[in-house]
$ cat structure17.tsv   # TSV, C-alpha atoms and all ligand atoms
chain	number	residue	atom	x	y	z
D	1	MET	CA	22.96	-6.78	-8.05
D	2	LYS	CA	19.86	-8.90	-7.47
D	3	ARG	CA	17.06	-6.80	-6.01
D	4	ALA	CA	13.29	-7.03	-5.52
D	5	TYR	CA	11.22	-3.85	-5.36
D	6	LEU	CA	8.11	-3.65	-3.18
D	7	PHE	CA	5.73	-0.75	-3.47
D	8	ASP	CA	3.23	0.70	-1.05
D	9	ILE	CA	0.05	1.90	-2.82
D	10	ASP	CA	-1.67	4.90	-1.21
D	11	GLY	CA	0.56	7.97	-1.14
D	12	THR	CA	3.27	6.13	-3.08
D	13	LEU	CA	1.80	4.95	-6.40
D	14	LEU	CA	-1.52	6.77	-6.28
D	15	LYS	CA	-3.95	8.83	-4.29
D	16	VAL	CA	-7.65	8.01	-4.16
D	17	GLN	CA	-9.62	11.21	-3.71
D	18	HIS	CA	-10.11	11.71	0.01
D	19	LYS	CA	-13.83	12.30	-0.35
D	20	VAL	CA	-14.42	9.07	-2.29
D	21	ASN	CA	-12.78	6.56	0.06
D	22	ARG	CA	-13.73	8.26	3.33
D	23	LYS	CA	-17.35	8.82	2.28
D	24	LEU	CA	-17.62	5.21	1.22
D	25	ILE	CA	-16.33	3.96	4.58
D	26	GLN	CA	-18.57	6.42	6.44
D	27	ARG	CA	-21.66	5.15	4.57
D	28	ILE	CA	-20.77	1.55	5.41
D	29	LEU	CA	-20.37	2.33	9.12
D	30	GLU	CA	-23.75	4.04	9.11
D	31	ARG	CA	-25.33	1.01	7.46
D	32	PHE	CA	-24.09	-0.99	10.44
D	33	GLY	CA	-25.61	1.54	12.83
D	34	MET	CA	-22.36	3.27	13.76
D	35	ASN	CA	-23.59	6.79	13.13
D	36	HIS	CA	-21.33	8.41	15.68
D	37	THR	CA	-18.03	7.14	14.35
D	38	SER	CA	-16.39	9.71	12.07
D	39	VAL	CA	-13.65	8.69	9.64
D	40	GLU	CA	-13.01	12.24	8.51
D	41	ASP	CA	-10.12	13.15	10.80
D	42	LEU	CA	-8.56	9.73	11.27
D	43	ASP	CA	-4.97	9.15	10.20
D	44	PHE	CA	-4.85	6.13	7.84
D	45	ALA	CA	-1.26	6.68	6.69
D	46	GLY	CA	0.85	3.54	6.82
D	47	LYS	CA	-1.80	1.54	8.69
D	48	THR	CA	-3.22	-1.78	7.53
D	49	ASP	CA	-6.87	-2.06	6.51
D	50	ARG	CA	-7.22	-4.72	9.21
D	51	ASP	CA	-6.04	-2.19	11.79
D	52	ILE	CA	-8.15	0.70	10.42
D	53	PHE	CA	-11.40	-1.28	10.30
D	54	SER	CA	-10.78	-2.95	13.67
D	55	HIS	CA	-10.31	0.52	15.17
D	56	LEU	CA	-13.41	1.96	13.48
D	57	LEU	CA	-15.54	-1.03	14.50
D	58	LYS	CA	-14.12	-0.93	18.02
D	59	HIS	CA	-12.62	-4.43	18.09
D	60	PRO	CA	-15.32	-6.35	16.20
D	61	GLY	CA	-15.88	-10.10	16.28
D	62	ASP	CA	-14.85	-12.06	13.19
D	63	ASP	CA	-18.39	-12.09	11.75
D	64	LEU	CA	-18.89	-8.33	11.87
D	65	PHE	CA	-15.38	-7.68	10.57
D	66	HIS	CA	-15.95	-10.04	7.65
D	67	GLN	CA	-19.34	-8.50	6.76
D	68	VAL	CA	-17.98	-4.95	6.81
D	69	LYS	CA	-14.91	-5.98	4.83
D	70	GLN	CA	-17.01	-7.66	2.12
D	71	LEU	CA	-19.32	-4.66	1.85
D	72	TYR	CA	-16.35	-2.27	1.65
D	73	LEU	CA	-14.79	-4.31	-1.18
D	74	GLN	CA	-18.11	-4.51	-3.07
D	75	GLU	CA	-18.72	-0.78	-2.72
D	76	LEU	CA	-15.16	0.10	-3.66
D	77	GLU	CA	-15.40	-2.02	-6.80
D	78	ARG	CA	-18.76	-0.52	-7.69
D	79	HIS	CA	-17.93	3.14	-7.09
D	80	LEU	CA	-14.21	3.67	-7.72
D	81	SER	CA	-13.49	5.10	-11.15
D	82	PRO	CA	-10.21	6.12	-12.78
D	83	GLU	CA	-11.18	9.80	-12.41
D	84	ASP	CA	-11.10	9.35	-8.62
D	85	ILE	CA	-7.45	8.31	-8.71
D	86	HIS	CA	-4.37	10.46	-9.12
D	87	VAL	CA	-1.28	8.53	-10.24
D	88	PHE	CA	1.91	10.15	-8.99
D	89	ASP	CA	4.68	11.52	-11.14
D	90	GLY	CA	7.14	8.87	-12.37
D	91	VAL	CA	5.06	5.80	-11.46
D	92	HIS	CA	4.59	4.52	-15.01
D	93	ASP	CA	8.20	5.30	-15.94
D	94	SER	CA	9.58	3.56	-12.83
D	95	LEU	CA	7.48	0.44	-13.40
D	96	ASN	CA	8.49	0.34	-17.07
D	97	TYR	CA	12.12	0.77	-16.07
D	98	LEU	CA	11.90	-2.16	-13.62
D	99	LYS	CA	10.10	-4.27	-16.22
D	100	ASP	CA	12.91	-3.61	-18.70
D	101	LYS	CA	15.40	-4.70	-16.06
D	102	VAL	CA	13.32	-7.86	-15.45
D	103	ALA	CA	13.36	-7.00	-11.75
D	104	TRP	CA	11.01	-8.70	-9.30
D	105	THR	CA	8.34	-6.14	-8.53
D	106	GLY	CA	5.76	-6.60	-5.78
D	107	LEU	CA	3.40	-4.86	-3.40
D	108	LEU	CA	3.80	-4.23	0.29
D	109	THR	CA	0.63	-2.48	1.30
D	110	GLY	CA	-1.78	-2.12	4.17
D	111	ASN	CA	-4.67	-2.47	1.71
D	112	PHE	CA	-6.79	-5.59	1.75
D	113	ALA	CA	-5.48	-7.67	-1.20
D	114	ARG	CA	-8.75	-7.24	-3.09
D	115	ALA	CA	-8.77	-3.47	-2.45
D	116	ALA	CA	-5.22	-3.26	-3.81
D	117	ILE	CA	-6.29	-5.00	-7.02
D	118	ILE	CA	-9.42	-2.83	-7.40
D	119	LYS	CA	-7.41	0.40	-7.05
D	120	LEU	CA	-4.61	-0.73	-9.37
D	121	ALA	CA	-6.99	-2.24	-11.94
D	122	ALA	CA	-8.80	1.11	-12.19
D	123	ILE	CA	-5.58	2.61	-13.57
D	124	GLY	CA	-4.37	-0.46	-15.48
D	125	LEU	CA	-1.45	-1.33	-13.20
D	126	HIS	CA	-2.77	-4.48	-11.50
D	127	ASP	CA	-0.71	-6.88	-13.63
D	128	ARG	CA	2.62	-5.18	-12.91
D	129	PHE	CA	3.25	-6.86	-9.55
D	130	ARG	CA	4.24	-10.50	-9.19
D	131	PHE	CA	4.06	-10.96	-5.42
D	132	GLY	CA	3.07	-9.08	-2.32
D	133	ALA	CA	1.89	-8.75	1.26
D	134	TYR	CA	-1.40	-7.13	2.21
D	135	GLY	CA	-3.34	-5.84	5.19
D	136	ASP	CA	-6.02	-8.55	5.42
D	137	ASP	CA	-4.65	-10.39	8.42
D	138	HIS	CA	-2.03	-8.18	10.00
D	139	HIS	CA	-2.59	-5.26	12.37
D	140	ASP	CA	1.09	-4.35	12.33
D	141	ARG	CA	2.85	-3.31	9.14
D	142	ASN	CA	6.09	-4.83	10.46
D	143	ASP	CA	4.53	-8.27	9.92
D	144	LEU	CA	4.27	-7.70	6.16
D	145	PRO	CA	7.94	-7.95	4.99
D	146	PRO	CA	8.45	-11.56	6.20
D	147	SER	CA	5.24	-12.57	4.44
D	148	ALA	CA	6.27	-10.81	1.19
D	149	PHE	CA	9.75	-12.34	1.46
D	150	ASP	CA	8.37	-15.88	1.75
D	151	GLU	CA	6.26	-15.38	-1.35
D	152	LEU	CA	9.19	-13.87	-3.25
D	153	ILE	CA	11.35	-16.91	-2.48
D	154	ARG	CA	8.55	-19.32	-3.37
D	155	LYS	CA	7.63	-17.67	-6.67
D	156	SER	CA	11.10	-16.75	-7.87
D	157	GLY	CA	12.86	-19.91	-6.72
D	158	GLU	CA	15.88	-17.67	-6.18
D	159	ALA	CA	18.05	-17.12	-3.11
D	160	PHE	CA	17.06	-13.57	-2.16
D	161	ARG	CA	18.04	-12.19	1.22
D	162	PRO	CA	16.01	-9.65	3.25
D	163	SER	CA	18.62	-7.02	2.38
D	164	ASP	CA	17.86	-7.61	-1.34
D	165	MET	CA	14.34	-6.27	-0.86
D	166	VAL	CA	13.80	-2.55	-1.50
D	167	ILE	CA	10.66	-1.37	0.33
D	168	ILE	CA	9.23	1.83	-1.11
D	169	GLY	CA	6.64	3.89	0.77
D	170	ASP	CA	5.48	7.32	1.85
D	171	THR	CA	5.29	7.14	5.67
D	172	PRO	CA	7.53	6.59	8.70
D	173	ARG	CA	5.72	3.23	9.12
D	174	ASP	CA	7.00	2.09	5.70
D	175	ILE	CA	10.53	3.04	6.71
D	176	GLU	CA	10.23	1.29	10.07
D	177	CYS	CA	8.90	-1.93	8.54
D	178	ALA	CA	11.78	-2.03	6.02
D	179	GLN	CA	14.31	-1.45	8.79
D	180	SER	CA	12.71	-4.06	11.05
D	181	PHE	CA	13.35	-6.74	8.38
D	182	GLY	CA	16.82	-5.53	7.37
D	183	SER	CA	15.59	-4.39	3.96
D	184	VAL	CA	16.50	-1.28	1.99
D	185	SER	CA	14.13	1.61	2.70
D	186	VAL	CA	13.17	4.10	0.01
D	187	ALA	CA	10.90	6.91	1.24
D	188	VAL	CA	8.97	8.99	-1.24
D	189	ALA	CA	7.51	12.39	-0.30
D	190	THR	CA	4.32	12.18	-2.35
D	191	GLY	CA	2.06	11.27	0.59
D	192	SER	CA	1.23	13.18	3.74
D	193	TYR	CA	4.81	13.42	5.04
D	194	SER	CA	7.36	15.96	3.88
D	195	HIS	CA	10.86	15.18	2.62
D	196	ASP	CA	12.33	16.45	5.92
D	197	GLU	CA	9.92	14.46	8.09
D	198	LEU	CA	10.81	11.26	6.21
D	199	ALA	CA	14.55	12.03	6.27
D	200	ALA	CA	14.35	12.28	10.07
D	201	CYS	CA	13.44	8.54	10.13
D	202	ASN	CA	16.75	7.63	8.45
D	203	PRO	CA	15.63	5.66	5.40
D	204	ASP	CA	18.34	4.70	2.89
D	205	VAL	CA	17.10	7.46	0.61
D	206	VAL	CA	14.25	9.99	0.38
D	207	LEU	CA	12.92	10.81	-3.08
D	208	HIS	CA	10.71	13.76	-3.96
D	209	SER	CA	8.72	11.48	-6.28
D	210	LEU	CA	9.14	8.14	-8.04
D	211	ARG	CA	10.45	10.06	-11.04
D	212	GLU	CA	13.79	9.92	-9.20
D	213	LEU	CA	13.73	6.14	-8.64
D	214	PRO	CA	15.43	4.90	-11.86
D	215	ASP	CA	18.35	7.32	-11.38
D	216	TRP	CA	18.74	6.23	-7.76
D	217	ILE	CA	18.77	2.57	-8.81
D	218	GLU	CA	21.34	3.27	-11.53
D	219	GLN	CA	23.64	4.86	-8.96
Q	1	MG	MG	1.09	4.81	1.93

$ encode --input "structure17.tsv" --output "structure tokens"
Amino acid sequence: MKRAYLFDIDGTLLKVQHKVNRKLIQRILERFGMNHTSVEDLDFAGKTDRDIFSHLLKHPGDDLFHQVKQLYLQELERHLSPEDIHVFDGVHDSLNYLKDKVAWTGLLTGNFARAAIIKLAAIGLHDRFRFGAYGDDHHDRNDLPPSAFDELIRKSGEAFRPSDMVIIGDTPRDIECAQSFGSVSVAVATGSYSHDELAACNPDVVLHSLRELPDWIEQ
């Protein structure tokens, strides 16, 4: 069966040490004089970077948003090192498995596109994804599947349907965005939600980690 596999990044493929990413964002806010905004207790899970930064900057104009975004990307590139990143169990094996199957593999992530590349490049996985949708322009994760689908069709030249896309992520928002587009939803309990919490959102399957993905695909 023809299928395309789209992966979320944070909580699904990898985890950037909490203190690295949050401290970096906190420092940037302070540079822009926002000393009273704390990022420490905010829930980022499943949200787009556009949404997170708009919230932190309290609905900024385009200029301010763009300046903060550029500084964030510069600082992330400068400071993020492979030691700051934990790659989850089964990620390399799953990506190798999909490569062997010559499956279309992409990203569906709330990260800014450049942030996605910086994080994945730090662990050598940036060239494993052929298409994707990112959190640069969209506040709502549900807007990402149509955008990823259009790029999949354009790049592959093949007649995929929304139900041929398998959207893999670690939060209820990932499940909801897959369901909203009529795609297959694979939840993985490596992020901040438990297996039971994800199962309650009725995805097509919940995996304990991506180590279980090849077996699930084979079945
Ligand atoms: Mg995630």

$ residues_around --input "structure17.tsv" --residues "Ala45 (chain D)" --least-positions-apart "5" --cutoff "12 Å" --atoms "all atoms listed in the file" --output "list in words"
Asp8, Ile9, Asp10, Gly11, Thr12, Lys15, Asp51, Ile52, Thr109, Gly110, Asn111, Arg141, Gly169, Asp170, Thr171, Pro172, Arg173, Asp174, Thr190, Gly191, Ser192 and Tyr193 of chain D

$ closest_residue --input "structure17.tsv" --among "D:Leu13, D:Leu152, D:Leu144, D:Ala178" --to "ligand MG 1 (chain Q)" --atoms "all atoms listed in the file"
D:Leu13

$ axis_aligned_box --input "structure17.tsv" --around "region 3-19 of chain D" --padding-each-side "8 Å" --output "JSON"
{"center_x": 1.6, "center_y": 2.6, "center_z": -3.2, "size_x": 46.9, "size_y": 35.3, "size_z": 22.4}

$ closest_residue --input "structure17.tsv" --among "D:His92, D:Arg130, D:Lys69, D:His79" --to "Glu151 (chain D)" --atoms "only C-alpha atoms"
D:Arg130

$ residues_around --input "structure17.tsv" --residues "Phe131 (chain D)" --least-positions-apart "4" --cutoff "12 Å" --atoms "all atoms listed in the file" --output "tab-separated table (two decimals) with C-alpha atoms, in the frame of the given file"
chain	number	residue	atom	x	y	z
D	4	ALA	CA	13.29	-7.03	-5.52
D	5	TYR	CA	11.22	-3.85	-5.36
D	6	LEU	CA	8.11	-3.65	-3.18
D	7	PHE	CA	5.73	-0.75	-3.47
D	103	ALA	CA	13.36	-7.00	-11.75
D	104	TRP	CA	11.01	-8.70	-9.30
D	105	THR	CA	8.34	-6.14	-8.53
D	106	GLY	CA	5.76	-6.60	-5.78
D	107	LEU	CA	3.40	-4.86	-3.40
D	108	LEU	CA	3.80	-4.23	0.29
D	109	THR	CA	0.63	-2.48	1.30
D	113	ALA	CA	-5.48	-7.67	-1.20
D	126	HIS	CA	-2.77	-4.48	-11.50
D	127	ASP	CA	-0.71	-6.88	-13.63
D	145	PRO	CA	7.94	-7.95	4.99
D	147	SER	CA	5.24	-12.57	4.44
D	148	ALA	CA	6.27	-10.81	1.19
D	149	PHE	CA	9.75	-12.34	1.46
D	150	ASP	CA	8.37	-15.88	1.75
D	151	GLU	CA	6.26	-15.38	-1.35
D	152	LEU	CA	9.19	-13.87	-3.25
D	153	ILE	CA	11.35	-16.91	-2.48
D	154	ARG	CA	8.55	-19.32	-3.37
D	155	LYS	CA	7.63	-17.67	-6.67
D	156	SER	CA	11.10	-16.75	-7.87

$ closest_residue --input "structure17.tsv" --among "D:Glu30, D:Asp49, D:Glu75, D:Asp215" --to "ligand MG 1 (chain Q)" --atoms "all atoms listed in the file"
D:Asp49

$ closest_residue --input "structure17.tsv" --among "D:Ile25, D:Ile85, D:Leu56, D:Ile175" --to "ligand MG 1 (chain Q)" --atoms "all atoms listed in the file"
D:Ile175

$ atom_distance --input "structure17.tsv" --atom1 "CA of Asp164 (chain D)" --atom2 "CA of Ser180 (chain D)"
13.9 Å

$ atom_distance --input "structure17.tsv" --atom1 "CA of Ile118 (chain D)" --atom2 "CA of His59 (chain D)"
25.7 Å

$ residues_around --input "structure17.tsv" --residues "Lys19 (chain D)" --least-positions-apart "4" --cutoff "12 Å" --atoms "all atoms listed in the file" --output "PyMOL selection string"
chain D and resi 15+23-27+39-41+80+84-85

$ closest_residue --input "structure17.tsv" --among "D:Leu125, D:Leu73, D:Leu210, D:Leu14" --to "ligand MG 1 (chain Q)" --atoms "only C-alpha atoms and all ligand atoms"
D:Leu14

$ decode --input "structure17.tsv" --residues "region 52-83 of chain D" --atoms "N, CA, C and O atoms" --output "mmCIF file, in the first residue's frame"
data_model
loop_
_atom_site.group_PDB
_atom_site.id
_atom_site.type_symbol
_atom_site.label_atom_id
_atom_site.label_comp_id
_atom_site.auth_asym_id
_atom_site.auth_seq_id
_atom_site.Cartn_x
_atom_site.Cartn_y
_atom_site.Cartn_z
ATOM 1 N N ILE D 52 3.568 30.015 19.608
ATOM 2 C CA ILE D 52 4.314 30.177 20.863
ATOM 3 C C ILE D 52 4.904 31.594 20.948
ATOM 4 O O ILE D 52 4.732 32.290 21.955
ATOM 5 N N PHE D 53 5.573 32.022 19.886
ATOM 6 C CA PHE D 53 6.219 33.340 19.929
ATOM 7 C C PHE D 53 5.191 34.470 19.904
ATOM 8 O O PHE D 53 5.391 35.503 20.539
ATOM 9 N N SER D 54 4.097 34.285 19.190
ATOM 10 C CA SER D 54 3.052 35.314 19.186
ATOM 11 C C SER D 54 2.479 35.476 20.589
ATOM 12 O O SER D 54 2.222 36.588 21.047
ATOM 13 N N HIS D 55 2.312 34.342 21.283
ATOM 14 C CA HIS D 55 1.794 34.381 22.654
ATOM 15 C C HIS D 55 2.788 35.065 23.589
ATOM 16 O O HIS D 55 2.425 35.965 24.362
ATOM 17 N N LEU D 56 4.063 34.682 23.490
ATOM 18 C CA LEU D 56 5.090 35.251 24.375
ATOM 19 C C LEU D 56 5.257 36.752 24.144
ATOM 20 O O LEU D 56 5.487 37.520 25.076
ATOM 21 N N LEU D 57 5.142 37.156 22.872
ATOM 22 C CA LEU D 57 5.354 38.573 22.523
ATOM 23 C C LEU D 57 4.055 39.375 22.602
ATOM 24 O O LEU D 57 4.030 40.547 22.264
ATOM 25 N N LYS D 58 3.014 38.689 23.034
ATOM 26 C CA LYS D 58 1.699 39.327 23.217
ATOM 27 C C LYS D 58 1.224 40.003 21.929
ATOM 28 O O LYS D 58 1.049 41.216 21.871
ATOM 29 N N HIS D 59 1.049 39.183 20.901
ATOM 30 C CA HIS D 59 0.524 39.618 19.603
ATOM 31 C C HIS D 59 1.356 40.743 18.978
ATOM 32 O O HIS D 59 0.895 41.879 18.854
ATOM 33 N N PRO D 60 2.593 40.412 18.609
ATOM 34 C CA PRO D 60 3.516 41.404 18.061
ATOM 35 C C PRO D 60 3.138 41.818 16.641
ATOM 36 O O PRO D 60 2.437 41.087 15.938
ATOM 37 N N GLY D 61 3.643 42.973 16.224
ATOM 38 C CA GLY D 61 3.549 43.342 14.811
ATOM 39 C C GLY D 61 4.534 42.484 14.024
ATOM 40 O O GLY D 61 5.379 41.797 14.603
ATOM 41 N N ASP D 62 4.421 42.549 12.691
ATOM 42 C CA ASP D 62 5.273 41.713 11.846
ATOM 43 C C ASP D 62 6.765 41.983 12.053
ATOM 44 O O ASP D 62 7.578 41.065 12.041
ATOM 45 N N ASP D 63 7.128 43.271 12.242
ATOM 46 C CA ASP D 63 8.541 43.625 12.402
ATOM 47 C C ASP D 63 9.142 42.979 13.635
ATOM 48 O O ASP D 63 10.207 42.362 13.573
ATOM 49 N N LEU D 64 8.469 43.133 14.768
ATOM 50 C CA LEU D 64 8.983 42.574 16.021
ATOM 51 C C LEU D 64 9.043 41.047 15.923
ATOM 52 O O LEU D 64 10.036 40.421 16.299
ATOM 53 N N PHE D 65 7.986 40.455 15.396
ATOM 54 C CA PHE D 65 7.969 39.000 15.261
ATOM 55 C C PHE D 65 9.168 38.527 14.434
ATOM 56 O O PHE D 65 9.874 37.590 14.809
ATOM 57 N N HIS D 66 9.409 39.202 13.327
ATOM 58 C CA HIS D 66 10.493 38.810 12.434
ATOM 59 C C HIS D 66 11.861 38.972 13.113
ATOM 60 O O HIS D 66 12.715 38.089 13.006
ATOM 61 N N GLN D 67 12.047 40.059 13.839
ATOM 62 C CA GLN D 67 13.329 40.280 14.544
ATOM 63 C C GLN D 67 13.586 39.198 15.586
ATOM 64 O O GLN D 67 14.686 38.669 15.689
ATOM 65 N N VAL D 68 12.555 38.889 16.367
ATOM 66 C CA VAL D 68 12.710 37.877 17.423
ATOM 67 C C VAL D 68 12.947 36.501 16.794
ATOM 68 O O VAL D 68 13.803 35.731 17.251
ATOM 69 N N LYS D 69 12.224 36.215 15.741
ATOM 70 C CA LYS D 69 12.389 34.927 15.056
ATOM 71 C C LYS D 69 13.822 34.776 14.533
ATOM 72 O O LYS D 69 14.460 33.724 14.731
ATOM 73 N N GLN D 70 14.340 35.818 13.889
ATOM 74 C CA GLN D 70 15.698 35.736 13.333
ATOM 75 C C GLN D 70 16.728 35.553 14.439
ATOM 76 O O GLN D 70 17.669 34.764 14.303
ATOM 77 N N LEU D 71 16.544 36.267 15.550
ATOM 78 C CA LEU D 71 17.492 36.145 16.660
ATOM 79 C C LEU D 71 17.419 34.735 17.266
ATOM 80 O O LEU D 71 18.447 34.119 17.568
ATOM 81 N N TYR D 72 16.202 34.218 17.424
ATOM 82 C CA TYR D 72 16.027 32.861 17.952
ATOM 83 C C TYR D 72 16.762 31.842 17.076
ATOM 84 O O TYR D 72 17.498 30.985 17.566
ATOM 85 N N LEU D 73 16.594 31.961 15.757
ATOM 86 C CA LEU D 73 17.229 30.999 14.847
ATOM 87 C C LEU D 73 18.758 31.127 14.891
ATOM 88 O O LEU D 73 19.463 30.109 14.902
ATOM 89 N N GLN D 74 19.248 32.364 14.950
ATOM 90 C CA GLN D 74 20.707 32.574 15.058
ATOM 91 C C GLN D 74 21.266 31.961 16.340
ATOM 92 O O GLN D 74 22.292 31.278 16.330
ATOM 93 N N GLU D 75 20.555 32.227 17.442
ATOM 94 C CA GLU D 75 21.036 31.744 18.743
ATOM 95 C C GLU D 75 20.942 30.222 18.831
ATOM 96 O O GLU D 75 21.812 29.563 19.401
ATOM 97 N N LEU D 76 19.876 29.681 18.264
ATOM 98 C CA LEU D 76 19.710 28.222 18.278
ATOM 99 C C LEU D 76 20.854 27.573 17.501
ATOM 100 O O LEU D 76 21.467 26.599 17.953
ATOM 101 N N GLU D 77 21.157 28.132 16.340
ATOM 102 C CA GLU D 77 22.232 27.571 15.515
ATOM 103 C C GLU D 77 23.584 27.687 16.230
ATOM 104 O O GLU D 77 24.401 26.785 16.183
ATOM 105 N N ARG D 78 23.764 28.794 16.915
ATOM 106 C CA ARG D 78 25.044 29.034 17.580
ATOM 107 C C ARG D 78 25.226 28.141 18.819
ATOM 108 O O ARG D 78 26.310 27.669 19.089
ATOM 109 N N HIS D 79 24.144 27.911 19.552
ATOM 110 C CA HIS D 79 24.303 27.284 20.872
ATOM 111 C C HIS D 79 23.906 25.808 20.947
ATOM 112 O O HIS D 79 24.291 25.121 21.891
ATOM 113 N N LEU D 80 23.103 25.337 19.998
ATOM 114 C CA LEU D 80 22.621 23.952 20.130
ATOM 115 C C LEU D 80 23.720 22.974 19.725
ATOM 116 O O LEU D 80 24.277 23.066 18.633
ATOM 117 N N SER D 81 24.021 22.041 20.611
ATOM 118 C CA SER D 81 25.027 21.031 20.263
ATOM 119 C C SER D 81 24.401 19.646 20.413
ATOM 120 O O SER D 81 23.380 19.484 21.083
ATOM 121 N N PRO D 82 25.012 18.652 19.766
ATOM 122 C CA PRO D 82 24.436 17.300 19.809
ATOM 123 C C PRO D 82 24.231 16.792 21.239
ATOM 124 O O PRO D 82 23.293 16.042 21.504
ATOM 125 N N GLU D 83 25.086 17.239 22.171
ATOM 126 C CA GLU D 83 24.952 16.771 23.560
ATOM 127 C C GLU D 83 23.677 17.285 24.219
ATOM 128 O O GLU D 83 23.247 16.762 25.240
#
